[in-house]
Protein chains: 2
Amino acid sequence: MSAPDNLRIVLASRPTGRPGPENFRIEHAALPSVSDGQVLLRILYLSLDPYMRGRMSAVKSYAAPVEIGQVMEGGTVAEVLESRLADFKPGDIVLSHSGWQSHAVADGSRLRKLDPAAAPVTTALGVLGMPGFTAYSGLLTIGQPKPGETVVVAAASGPVGSAVGQIARLKGARAVGIAGGAEKCAFVRETFGFDAVVDHRSPDLAAELAAACPDGIDVYFENVGGKVWDAVFPLLNGFARIPVCGLVAQYNSSGEFEGPDRLPVVMRQILTKSLTLRGFIQTEFAAQRPAFQAEMARWIAEGVLKYKEDIVEGLEQAPQAFIGLLEGRNFGKLIVKA
Amino acid sequence: MSAPDNLRIVLASRPTGRPGPENFRIEHAALPSVSDGQVLLRILYLSLDPYMRGRMSAVKSYAAPVEIGQVMEGGTVAEVLESRLADFKPGDIVLSHSGWQSHAVADGSRLRKLDPAAAPVTTALGVLGMPGFTAYSGLLTIGQPKPGETVVVAAASGPVGSAVGQIARLKGARAVGIAGGAEKCAFVRETFGFDAVVDHRSPDLAAELAAACPDGIDVYFENVGGKVWDAVFPLLNGFARIPVCGLVAQYNSSGEFEGPDRLPVVMRQILTKSLTLRGFIQTEFAAQRPAFQAEMARWIAEGVLKYKEDIVEGLEQAPQAFIGLLEGRNFGKLIVKA
């Protein structure tokens, strides 16, 4: 490989509403130089995830925003090109958090070595990575599904939703998915094995969801918000648990939301049905990661837990692919092959 | 006592909005007759509590509504006049759930004998009864205050709020109360010993609450809703816990609430701050009652936990007293001496 440059995708401007290509800029820079205690990485795969929309806004969230002109943030699988760090050598494949670029230097603090023989390395960005752990930790710690209970999750063909439903079933619960379009719905039912699936594009989502949940809903794993919430909410049973890990449907909104004010009705139901709403980000459950890695890897090896990846070729495609992700155009875990 | 009749206050009609005297009717009936396995009770004290507003509406809540023409529901302290039940004899003082009337029969299932020597019997309706247990179980199980954290509660001069703040302090947390008017605020600070108190009638509740909570809010014990919620919400810290036991401010509302829609903003904060909202009713924590009885009785005996009762004379006054309760006109635990 002869002196490649570093291709970087930076935040060009902050979007108001849905992001467009103009919010990103592709830059070429010199390869970063490596100091003692660092490695030089070539990015193989970049993970695209809905949380990145939050990083594009200046609003303080649980993490700091990406600054204008900075490389967009993101999880990556990379190959070590050069190492001045004990324990890493050229050719090693690692999980890193190097962002939307072709090369990066990193110290060891956020690197984890991957074993390509154990599982396809892309799974470290999906079912065995952050999205899978989000599903596992949120569902089991907050949702606590019991055998026979009904668990509902939206974006059910995506990496979090598909894992939520399958783990729910492995724990003896009934899984009902919500997905967009006939193809995704069929996949959720047939490949992921959900007990029922409802198309959120249906003109009568609420009635179809009610029919799919004859015993009500005990756990709603909230990752989208919007009209799915409105369909789910009346069906919640007493003592239902609602882990909240995402609100994709409202990520592109800002300012005031039109009335009526739904909060008093929601608060009343929280009170009278003894509901639990709990926002979370998987990092708080770090202590469970070893159990997650072991259990998920076993389920995958046994063939009882499936996953689907949607791999886009070429780092330059990342902005368009990410814009599509926010509109549900991906089908499975969205990954860019750099 | 020569053949008294039974004075009963029944639900005459369902209120729309705030209840008025016309929603209640006073009736005189014959004393009920006692069968085997029952006692005849003379009601000494009737507890009036905000939850009763819910029972006046036909809407299904966690409990069935009171039917039109039925005696209003409520907790009571009563004297046994006649007993055809082992373990109870005339003169015994019991906690019962006999409702708004002067006499009642009861089987043993919801009777608990009280020891007038151990504590004033009215405390069984307040600090050592349902309101005290609501405070204790909701705060400790859901709120889980840690030393140094800030706990906020409204209706801080009432039976639930005053116990919440004092228990929070006994557990090492900082208690900030919200109450209505200078007299109640002074009592909350001086007698109940809260660290700070804010008057909800202040034109700048939000700024005063912010000043009283320089380190933000870790636990908000929600028993009122409305404008207090709006003042509290921006001050919540990451991982804050919100036990929801009441929403007095919206009990008299029905139909749609005017916009803007606050729900998306609340959901976003639940997500980004990893908040916990949890509705509850104390009955679900029944297993903790013995610990509660022991610990609260000890705190009262040691003088480290205070309570205040607001006793109204005459069962006929119950409707007006209850209407006043929903408007915050009581000062302390509202009890009717029958």
# chains A, B, ... in the order shown; residues from 1 in each chain; ligands from 1

call {"tool": "interface_residues", "arguments": {"of": "chain B", "to": "chain A", "cutoff": "7 Å", "atoms": "only C-alpha atoms", "output": "JSON, numbers by chain"}}
result
{"B": [61, 62, 244, 245, 246, 256, 257, 258, 259, 260, 261, 262, 263, 270, 271, 272, 273, 274, 275, 276, 277, 278, 279, 280]}

call {"tool": "write_last_selection", "arguments": {"atoms": "N, CA and C atoms", "output": "PDB file, in the first residue's frame"}}
result
ATOM      1  N   SER B  61     -59.674   2.985  36.856  1.00  0.00           N
ATOM      2  CA  SER B  61     -58.353   3.315  37.363  1.00  0.00           C
ATOM      3  C   SER B  61     -57.806   2.026  37.936  1.00  0.00           C
ATOM      4  N   TYR B  62     -56.909   2.111  38.932  1.00  0.00           N
ATOM      5  CA  TYR B  62     -56.438   0.861  39.527  1.00  0.00           C
ATOM      6  C   TYR B  62     -57.493   0.261  40.434  1.00  0.00           C
ATOM      7  N   VAL B 244     -44.228   8.145  40.908  1.00  0.00           N
ATOM      8  CA  VAL B 244     -45.451   8.907  40.619  1.00  0.00           C
ATOM      9  C   VAL B 244     -46.586   8.296  41.434  1.00  0.00           C
ATOM     10  N   CYS B 245     -47.041   9.013  42.464  1.00  0.00           N
ATOM     11  CA  CYS B 245     -48.107   8.460  43.305  1.00  0.00           C
ATOM     12  C   CYS B 245     -49.363   9.279  43.233  1.00  0.00           C
ATOM     13  N   GLY B 246     -49.327  10.413  42.548  1.00  0.00           N
ATOM     14  CA  GLY B 246     -50.532  11.236  42.472  1.00  0.00           C
ATOM     15  C   GLY B 246     -50.336  12.388  41.516  1.00  0.00           C
ATOM     16  N   GLU B 256     -59.360  16.652  26.241  1.00  0.00           N
ATOM     17  CA  GLU B 256     -58.038  16.959  25.700  1.00  0.00           C
ATOM     18  C   GLU B 256     -57.389  18.112  26.451  1.00  0.00           C
ATOM     19  N   PHE B 257     -56.060  18.093  26.482  1.00  0.00           N
ATOM     20  CA  PHE B 257     -55.304  19.166  27.100  1.00  0.00           C
ATOM     21  C   PHE B 257     -54.710  20.032  25.984  1.00  0.00           C
ATOM     22  N   GLU B 258     -54.710  21.329  26.200  1.00  0.00           N
ATOM     23  CA  GLU B 258     -54.207  22.248  25.178  1.00  0.00           C
ATOM     24  C   GLU B 258     -52.721  22.052  24.897  1.00  0.00           C
ATOM     25  N   GLY B 259     -52.322  22.315  23.668  1.00  0.00           N
ATOM     26  CA  GLY B 259     -50.921  22.227  23.300  1.00  0.00           C
ATOM     27  C   GLY B 259     -50.139  23.393  23.832  1.00  0.00           C
ATOM     28  N   PRO B 260     -48.832  23.452  23.613  1.00  0.00           N
ATOM     29  CA  PRO B 260     -48.056  22.487  22.842  1.00  0.00           C
ATOM     30  C   PRO B 260     -47.986  21.115  23.511  1.00  0.00           C
ATOM     31  N   ASP B 261     -47.630  20.131  22.704  1.00  0.00           N
ATOM     32  CA  ASP B 261     -47.492  18.766  23.208  1.00  0.00           C
ATOM     33  C   ASP B 261     -46.158  18.650  23.941  1.00  0.00           C
ATOM     34  N   ARG B 262     -46.223  18.435  25.258  1.00  0.00           N
ATOM     35  CA  ARG B 262     -44.983  18.355  26.039  1.00  0.00           C
ATOM     36  C   ARG B 262     -44.353  16.963  26.010  1.00  0.00           C
ATOM     37  N   LEU B 263     -45.109  15.971  25.522  1.00  0.00           N
ATOM     38  CA  LEU B 263     -44.612  14.593  25.608  1.00  0.00           C
ATOM     39  C   LEU B 263     -43.286  14.367  24.879  1.00  0.00           C
ATOM     40  N   ILE B 270     -36.173  11.821  29.137  1.00  0.00           N
ATOM     41  CA  ILE B 270     -36.115  10.479  29.718  1.00  0.00           C
ATOM     42  C   ILE B 270     -34.965   9.712  29.076  1.00  0.00           C
ATOM     43  N   LEU B 271     -34.860   9.863  27.755  1.00  0.00           N
ATOM     44  CA  LEU B 271     -33.800   9.166  27.017  1.00  0.00           C
ATOM     45  C   LEU B 271     -32.418   9.718  27.343  1.00  0.00           C
ATOM     46  N   THR B 272     -32.251  11.028  27.187  1.00  0.00           N
ATOM     47  CA  THR B 272     -30.886  11.564  27.259  1.00  0.00           C
ATOM     48  C   THR B 272     -30.388  11.673  28.700  1.00  0.00           C
ATOM     49  N   LYS B 273     -31.312  11.740  29.663  1.00  0.00           N
ATOM     50  CA  LYS B 273     -30.879  11.796  31.072  1.00  0.00           C
ATOM     51  C   LYS B 273     -31.038  10.455  31.780  1.00  0.00           C
ATOM     52  N   SER B 274     -31.422   9.428  31.059  1.00  0.00           N
ATOM     53  CA  SER B 274     -31.625   8.103  31.680  1.00  0.00           C
ATOM     54  C   SER B 274     -32.527   8.198  32.910  1.00  0.00           C
ATOM     55  N   LEU B 275     -33.653   8.900  32.740  1.00  0.00           N
ATOM     56  CA  LEU B 275     -34.598   9.074  33.843  1.00  0.00           C
ATOM     57  C   LEU B 275     -35.433   7.815  34.054  1.00  0.00           C
ATOM     58  N   THR B 276     -35.905   7.649  35.284  1.00  0.00           N
ATOM     59  CA  THR B 276     -36.883   6.606  35.601  1.00  0.00           C
ATOM     60  C   THR B 276     -38.179   7.254  36.065  1.00  0.00           C
ATOM     61  N   LEU B 277     -39.276   6.983  35.374  1.00  0.00           N
ATOM     62  CA  LEU B 277     -40.610   7.356  35.851  1.00  0.00           C
ATOM     63  C   LEU B 277     -41.319   6.068  36.218  1.00  0.00           C
ATOM     64  N   ARG B 278     -41.919   6.033  37.397  1.00  0.00           N
ATOM     65  CA  ARG B 278     -42.562   4.794  37.825  1.00  0.00           C
ATOM     66  C   ARG B 278     -43.806   5.130  38.625  1.00  0.00           C
ATOM     67  N   GLY B 279     -44.972   4.801  38.061  1.00  0.00           N
ATOM     68  CA  GLY B 279     -46.207   4.953  38.814  1.00  0.00           C
ATOM     69  C   GLY B 279     -46.346   3.833  39.821  1.00  0.00           C
ATOM     70  N   PHE B 280     -47.014   4.125  40.926  1.00  0.00           N
ATOM     71  CA  PHE B 280     -47.197   3.050  41.915  1.00  0.00           C
ATOM     72  C   PHE B 280     -48.383   3.355  42.816  1.00  0.00           C
TER      73      PHE B 280
END

call {"tool": "calpha_fit_and_write", "arguments": {"fixed": "chain A", "moving": "chain B", "output": "short mmCIF file (atom, residue, chain, number, x, y, z; two decimals) with C-alpha atoms, in the first residue's frame"}}
result
data_model
loop_
_atom_site.label_atom_id
_atom_site.label_comp_id
_atom_site.auth_asym_id
_atom_site.auth_seq_id
_atom_site.Cartn_x
_atom_site.Cartn_y
_atom_site.Cartn_z
CA MET B 1 0.07 0.06 0.04
CA SER B 2 1.75 3.28 -1.13
CA ALA B 3 1.20 6.37 1.02
CA PRO B 4 -2.56 6.61 0.94
CA ASP B 5 -4.14 9.80 2.17
CA ASN B 6 -6.78 9.93 4.85
CA LEU B 7 -10.32 10.31 3.60
CA ARG B 8 -12.42 12.00 6.28
CA ILE B 9 -16.09 12.89 6.40
CA VAL B 10 -16.62 15.91 8.60
CA LEU B 11 -19.68 17.74 9.90
CA ALA B 12 -20.00 20.73 7.53
CA SER B 13 -23.02 22.32 9.19
CA ARG B 14 -25.71 21.45 11.70
CA PRO B 15 -29.00 20.26 10.22
CA THR B 16 -32.30 21.80 11.14
CA GLY B 17 -34.74 18.96 10.73
CA ARG B 18 -33.60 16.07 8.60
CA PRO B 19 -29.94 16.05 7.59
CA GLY B 20 -28.97 16.44 3.93
CA PRO B 21 -25.77 15.82 2.00
CA GLU B 22 -24.87 19.50 2.52
CA ASN B 23 -24.35 18.85 6.23
CA PHE B 24 -21.36 16.64 5.44
CA ARG B 25 -18.06 17.35 3.68
CA ILE B 26 -15.52 14.88 2.33
CA GLU B 27 -11.93 15.90 2.95
CA HIS B 28 -8.55 14.45 2.11
CA ALA B 29 -5.77 14.86 4.63
CA ALA B 30 -2.32 13.47 5.28
CA LEU B 31 -2.14 10.23 7.16
CA PRO B 32 -1.81 10.94 10.87
CA SER B 33 1.56 10.12 12.39
CA VAL B 34 1.90 7.59 15.14
CA SER B 35 3.41 8.33 18.55
CA ASP B 36 4.53 5.97 21.25
CA GLY B 37 1.57 4.18 22.79
CA GLN B 38 -0.50 4.48 19.60
CA VAL B 39 -1.46 2.43 16.59
CA LEU B 40 -2.23 3.52 13.04
CA LEU B 41 -5.47 1.99 11.84
CA ARG B 42 -7.01 1.43 8.44
CA ILE B 43 -10.79 1.43 8.83
CA LEU B 44 -12.43 -1.63 7.30
CA TYR B 45 -16.03 -1.09 8.41
CA LEU B 46 -17.91 1.90 9.80
CA SER B 47 -21.10 1.45 11.80
CA LEU B 48 -23.96 3.86 11.09
CA ASP B 49 -26.44 4.26 13.92
CA PRO B 50 -29.39 6.53 14.72
CA TYR B 51 -27.68 8.07 17.77
CA MET B 52 -25.36 9.93 15.38
CA ARG B 53 -28.21 12.29 14.53
CA GLY B 54 -27.99 13.56 18.11
CA ARG B 55 -24.27 14.25 17.77
CA MET B 56 -24.95 16.51 14.76
CA SER B 57 -26.97 18.93 16.93
CA ALA B 58 -25.47 21.42 19.35
CA VAL B 59 -27.93 20.38 22.05
CA LYS B 60 -26.28 18.69 25.00
CA SER B 61 -27.25 15.04 25.13
CA TYR B 62 -25.58 12.22 27.05
CA ALA B 63 -22.55 12.86 24.88
CA ALA B 64 -20.90 16.00 23.55
CA PRO B 65 -21.88 17.04 20.03
CA VAL B 66 -19.49 16.69 17.09
CA GLU B 67 -18.02 20.12 16.39
CA ILE B 68 -18.33 21.72 12.95
CA GLY B 69 -15.32 20.61 10.89
CA GLN B 70 -14.72 17.55 13.07
CA VAL B 71 -14.80 14.02 11.75
CA MET B 72 -18.21 12.42 12.33
CA GLU B 73 -18.15 10.02 15.25
CA GLY B 74 -18.75 6.29 14.96
CA GLY B 75 -17.78 2.76 15.83
CA THR B 76 -15.40 1.02 13.44
CA VAL B 77 -13.66 -2.24 12.71
CA ALA B 78 -10.09 -1.59 11.65
CA GLU B 79 -6.81 -3.25 10.75
CA VAL B 80 -3.62 -2.27 12.55
CA LEU B 81 -1.16 -0.91 9.96
CA GLU B 82 1.55 0.19 12.36
CA SER B 83 1.88 -0.32 16.09
CA ARG B 84 3.84 1.47 18.79
CA LEU B 85 1.67 -0.15 21.41
CA ALA B 86 2.41 -3.39 23.21
CA ASP B 87 -0.16 -6.15 22.55
CA PHE B 88 -1.00 -4.89 19.05
CA LYS B 89 0.82 -5.80 15.85
CA PRO B 90 0.26 -5.01 12.19
CA GLY B 91 -2.53 -7.13 10.78
CA ASP B 92 -4.50 -7.28 14.02
CA ILE B 93 -8.19 -6.59 13.57
CA VAL B 94 -9.69 -4.34 16.24
CA LEU B 95 -12.91 -2.70 17.27
CA SER B 96 -12.28 1.03 17.59
CA HIS B 97 -14.26 4.25 17.73
CA SER B 98 -12.48 6.02 14.89
CA GLY B 99 -15.38 7.72 13.15
CA TRP B 100 -16.14 8.39 9.50
CA GLN B 101 -12.65 8.20 8.02
CA SER B 102 -10.33 5.81 6.27
CA HIS B 103 -7.45 5.96 8.74
CA ALA B 104 -6.94 6.96 12.33
CA VAL B 105 -4.51 6.74 15.19
CA ALA B 106 -5.66 5.44 18.54
CA ASP B 107 -4.25 4.67 21.92
CA GLY B 108 -5.25 1.41 23.54
CA SER B 109 -8.03 2.78 25.72
CA ARG B 110 -10.91 2.14 23.35
CA LEU B 111 -9.44 -0.73 21.31
CA ARG B 112 -10.62 -4.31 21.55
CA LYS B 113 -8.92 -7.05 19.55
CA LEU B 114 -11.30 -9.15 17.44
CA ASP B 115 -10.88 -12.80 16.45
CA PRO B 116 -11.99 -13.15 12.82
CA ALA B 117 -12.14 -16.91 13.31
CA ALA B 118 -14.72 -16.65 16.08
CA ALA B 119 -17.29 -14.56 14.24
CA PRO B 120 -17.44 -12.28 11.19
CA VAL B 121 -15.76 -9.07 12.33
CA THR B 122 -18.75 -6.95 11.28
CA THR B 123 -20.79 -8.53 14.07
CA ALA B 124 -18.70 -6.46 16.51
CA LEU B 125 -20.62 -3.45 15.17
CA GLY B 126 -24.01 -5.11 15.33
CA VAL B 127 -25.36 -8.18 17.01
CA LEU B 128 -22.23 -8.69 19.16
CA GLY B 129 -21.60 -4.96 19.53
CA MET B 130 -23.33 -1.82 20.72
CA PRO B 131 -26.75 -2.48 19.11
CA GLY B 132 -26.88 -6.06 20.36
CA PHE B 133 -25.84 -4.99 23.82
CA THR B 134 -28.41 -2.20 23.80
CA ALA B 135 -31.09 -4.80 23.11
CA TYR B 136 -29.76 -7.30 25.65
CA SER B 137 -29.10 -4.94 28.55
CA GLY B 138 -32.19 -2.78 28.12
CA LEU B 139 -34.55 -5.69 27.62
CA LEU B 140 -33.23 -7.87 30.42
CA THR B 141 -32.40 -5.20 33.01
CA ILE B 142 -35.30 -2.79 32.50
CA GLY B 143 -37.83 -4.77 30.46
CA GLN B 144 -37.45 -7.97 32.49
CA PRO B 145 -39.75 -10.07 30.29
CA LYS B 146 -41.35 -13.04 32.00
CA PRO B 147 -42.50 -16.24 30.30
CA GLY B 148 -45.83 -15.69 28.59
CA GLU B 149 -45.62 -11.92 28.59
CA THR B 150 -45.89 -9.85 25.41
CA VAL B 151 -42.89 -7.79 24.28
CA VAL B 152 -43.32 -5.22 21.51
CA VAL B 153 -40.50 -3.56 19.63
CA ALA B 154 -40.39 -1.32 16.57
CA ALA B 155 -37.72 -1.20 13.89
CA ALA B 156 -37.94 -4.96 14.30
CA SER B 157 -35.83 -5.71 11.22
CA GLY B 158 -33.03 -3.49 12.54
CA PRO B 159 -30.14 -4.60 14.72
CA VAL B 160 -31.64 -3.56 18.06
CA GLY B 161 -35.25 -4.52 17.38
CA SER B 162 -34.43 -7.92 15.88
CA ALA B 163 -32.29 -8.81 18.89
CA VAL B 164 -34.92 -7.58 21.35
CA GLY B 165 -37.61 -9.80 19.89
CA GLN B 166 -35.41 -12.87 19.62
CA ILE B 167 -34.03 -12.50 23.15
CA ALA B 168 -37.58 -12.01 24.44
CA ARG B 169 -38.56 -15.31 22.81
CA LEU B 170 -35.48 -17.07 24.21
CA LYS B 171 -36.67 -15.92 27.64
CA GLY B 172 -40.12 -17.39 27.05
CA ALA B 173 -42.00 -14.23 26.14
CA ARG B 174 -44.10 -13.53 23.06
CA ALA B 175 -42.46 -11.13 20.58
CA VAL B 176 -44.46 -8.73 18.44
CA GLY B 177 -42.49 -6.63 15.96
CA ILE B 178 -43.31 -3.50 14.03
CA ALA B 179 -41.53 -2.91 10.74
CA GLY B 180 -41.98 -0.91 7.55
CA GLY B 181 -43.18 -2.71 4.44
CA ALA B 182 -44.09 -6.26 3.44
CA GLU B 183 -40.53 -7.44 2.80
CA LYS B 184 -39.22 -6.42 6.22
CA CYS B 185 -42.33 -7.74 7.95
CA ALA B 186 -41.97 -11.14 6.30
CA PHE B 187 -38.30 -11.29 7.31
CA VAL B 188 -39.12 -10.41 10.92
CA ARG B 189 -41.66 -13.19 11.12
CA GLU B 190 -39.89 -15.85 9.07
CA THR B 191 -36.19 -15.35 9.78
CA PHE B 192 -36.22 -13.65 13.17
CA GLY B 193 -39.16 -15.83 14.22
CA PHE B 194 -41.30 -13.17 15.90
CA ASP B 195 -44.75 -14.39 16.92
CA ALA B 196 -46.45 -11.56 15.08
CA VAL B 197 -45.49 -8.51 13.08
CA VAL B 198 -47.37 -5.35 12.13
CA ASP B 199 -46.55 -2.96 9.28
CA HIS B 200 -46.28 0.61 10.57
CA ARG B 201 -47.28 1.87 7.14
CA SER B 202 -50.68 0.25 7.56
CA PRO B 203 -53.51 2.80 7.66
CA ASP B 204 -54.78 1.16 10.84
CA LEU B 205 -51.64 0.47 12.82
CA ALA B 206 -53.46 0.77 16.16
CA ALA B 207 -56.11 -1.83 15.33
CA GLU B 208 -53.59 -4.24 13.82
CA LEU B 209 -51.29 -3.93 16.80
CA ALA B 210 -54.22 -4.51 19.15
CA ALA B 211 -55.12 -7.65 17.21
CA ALA B 212 -51.51 -8.84 17.41
CA CYS B 213 -51.46 -8.30 21.19
CA PRO B 214 -54.65 -9.95 22.49
CA ASP B 215 -53.26 -10.03 26.04
CA GLY B 216 -51.98 -6.46 25.97
CA ILE B 217 -48.35 -5.36 26.16
CA ASP B 218 -46.06 -6.03 29.12
CA VAL B 219 -42.81 -4.66 27.72
CA TYR B 220 -42.50 -1.99 25.06
CA PHE B 221 -38.92 -1.51 24.02
CA GLU B 222 -39.04 2.10 22.79
CA ASN B 223 -36.60 2.91 20.02
CA VAL B 224 -38.69 5.01 17.65
CA GLY B 225 -41.38 7.11 19.33
CA GLY B 226 -43.93 8.91 17.16
CA LYS B 227 -47.00 7.10 15.89
CA VAL B 228 -45.82 3.70 17.12
CA TRP B 229 -45.92 5.03 20.68
CA ASP B 230 -49.48 6.22 20.13
CA ALA B 231 -50.50 2.74 18.95
CA VAL B 232 -48.69 0.97 21.78
CA PHE B 233 -49.72 3.19 24.66
CA PRO B 234 -53.39 2.20 25.07
CA LEU B 235 -52.42 -1.49 25.02
CA LEU B 236 -49.97 -1.36 27.93
CA ASN B 237 -50.83 -3.65 30.81
CA GLY B 238 -50.52 -2.80 34.48
CA PHE B 239 -46.88 -2.83 35.60
CA ALA B 240 -45.64 -2.64 32.01
CA ARG B 241 -41.98 -1.70 31.55
CA ILE B 242 -40.76 0.67 28.85
CA PRO B 243 -37.01 0.80 28.30
CA VAL B 244 -36.39 3.92 26.19
CA CYS B 245 -33.26 3.66 24.04
CA GLY B 246 -34.19 5.80 21.07
CA LEU B 247 -36.74 8.10 19.52
CA VAL B 248 -35.77 8.03 15.85
CA ALA B 249 -39.13 9.41 14.74
CA GLN B 250 -38.51 12.70 16.50
CA TYR B 251 -34.75 13.08 16.00
CA ASN B 252 -35.28 15.43 13.09
CA SER B 253 -37.79 17.63 14.93
CA SER B 254 -36.99 20.74 16.88
CA GLY B 255 -38.87 23.55 18.59
CA GLU B 256 -42.38 23.17 19.93
CA PHE B 257 -44.63 20.25 19.09
CA GLU B 258 -48.25 20.88 18.14
CA GLY B 259 -51.01 20.13 20.63
CA PRO B 260 -52.99 18.58 22.10
CA ASP B 261 -50.66 18.05 25.02
CA ARG B 262 -50.32 14.28 25.44
CA LEU B 263 -48.26 14.48 28.63
CA PRO B 264 -51.15 14.64 31.16
CA VAL B 265 -52.73 11.54 29.65
CA VAL B 266 -49.42 9.69 29.70
CA MET B 267 -48.73 10.72 33.29
CA ARG B 268 -52.18 9.55 34.30
CA GLN B 269 -51.56 6.15 32.74
CA ILE B 270 -48.13 5.92 34.36
CA LEU B 271 -49.92 6.47 37.66
CA THR B 272 -52.98 4.30 37.25
CA LYS B 273 -51.20 1.42 35.49
CA SER B 274 -48.04 1.57 37.62
CA LEU B 275 -45.94 1.87 34.46
CA THR B 276 -42.15 2.12 34.41
CA LEU B 277 -40.47 4.37 31.83
CA ARG B 278 -36.69 4.25 31.93
CA GLY B 279 -34.28 5.90 29.52
CA PHE B 280 -30.90 4.28 29.15
CA ILE B 281 -27.72 4.07 27.19
CA GLN B 282 -25.96 0.73 27.17
CA THR B 283 -22.71 2.09 28.64
CA GLU B 284 -24.30 2.21 32.10
CA PHE B 285 -24.62 -1.58 32.03
CA ALA B 286 -20.95 -2.23 31.20
CA ALA B 287 -20.70 -4.80 33.99
CA GLN B 288 -23.02 -7.07 31.99
CA ARG B 289 -20.86 -7.06 28.86
CA PRO B 290 -19.03 -10.32 29.54
CA ALA B 291 -22.32 -12.15 30.14
CA PHE B 292 -23.71 -10.58 26.97
CA GLN B 293 -20.71 -11.58 24.85
CA ALA B 294 -20.86 -15.15 26.07
CA GLU B 295 -24.62 -15.61 25.85
CA MET B 296 -25.12 -13.90 22.47
CA ALA B 297 -22.16 -15.74 20.89
CA ARG B 298 -23.63 -19.01 22.10
CA TRP B 299 -27.10 -18.19 20.76
CA ILE B 300 -25.61 -17.28 17.39
CA ALA B 301 -23.48 -20.43 17.31
CA GLU B 302 -26.54 -22.52 18.16
CA GLY B 303 -28.49 -20.83 15.39
CA VAL B 304 -31.26 -19.67 17.70
CA LEU B 305 -30.49 -15.99 17.21
CA LYS B 306 -30.16 -14.53 13.72
CA TYR B 307 -28.94 -11.19 12.47
CA LYS B 308 -29.01 -9.28 9.21
CA GLU B 309 -26.46 -6.79 7.94
CA ASP B 310 -26.96 -4.15 5.27
CA ILE B 311 -23.47 -3.37 3.95
CA VAL B 312 -22.89 -0.31 1.77
CA GLU B 313 -19.66 -0.09 -0.25
CA GLY B 314 -17.46 3.00 -0.04
CA LEU B 315 -16.92 5.52 2.70
CA GLU B 316 -18.12 8.31 0.39
CA GLN B 317 -21.57 6.70 0.55
CA ALA B 318 -21.81 7.14 4.33
CA PRO B 319 -23.78 10.43 4.31
CA GLN B 320 -26.46 9.13 1.93
CA ALA B 321 -26.64 5.82 3.76
CA PHE B 322 -27.03 7.62 7.09
CA ILE B 323 -29.79 9.88 5.74
CA GLY B 324 -31.56 6.74 4.53
CA LEU B 325 -31.16 5.11 7.94
CA LEU B 326 -33.14 7.90 9.60
CA GLU B 327 -35.90 7.24 7.05
CA GLY B 328 -35.86 3.47 7.57
CA ARG B 329 -34.38 2.72 4.14
CA ASN B 330 -31.79 0.29 5.51
CA PHE B 331 -32.67 -3.37 5.93
CA GLY B 332 -30.66 -4.79 8.82
CA LYS B 333 -27.63 -3.42 10.59
CA LEU B 334 -26.25 -0.61 8.41
CA ILE B 335 -22.49 -0.85 7.92
CA VAL B 336 -20.21 0.95 5.47
CA LYS B 337 -17.35 -1.07 3.98
CA ALA B 338 -14.56 1.47 3.71
#

call {"tool": "select_by_dssp", "arguments": {"residues": "region 37-155 of chain A", "states": "strand (DSSP E)", "output": "PyMOL selection string"}}
result
chain A and resi 39-47+76-83+93-96+103-106+112-113+150-153

call {"tool": "select_by_dssp", "arguments": {"residues": "region 122-268 of chain B", "states": "helix (DSSP H, G or I)", "output": "NGL selection string"}}
result
:B and (122-125 or 130-143 or 159-170 or 182-190 or 205-212 or 226-235 or 248-250 or 263-268)
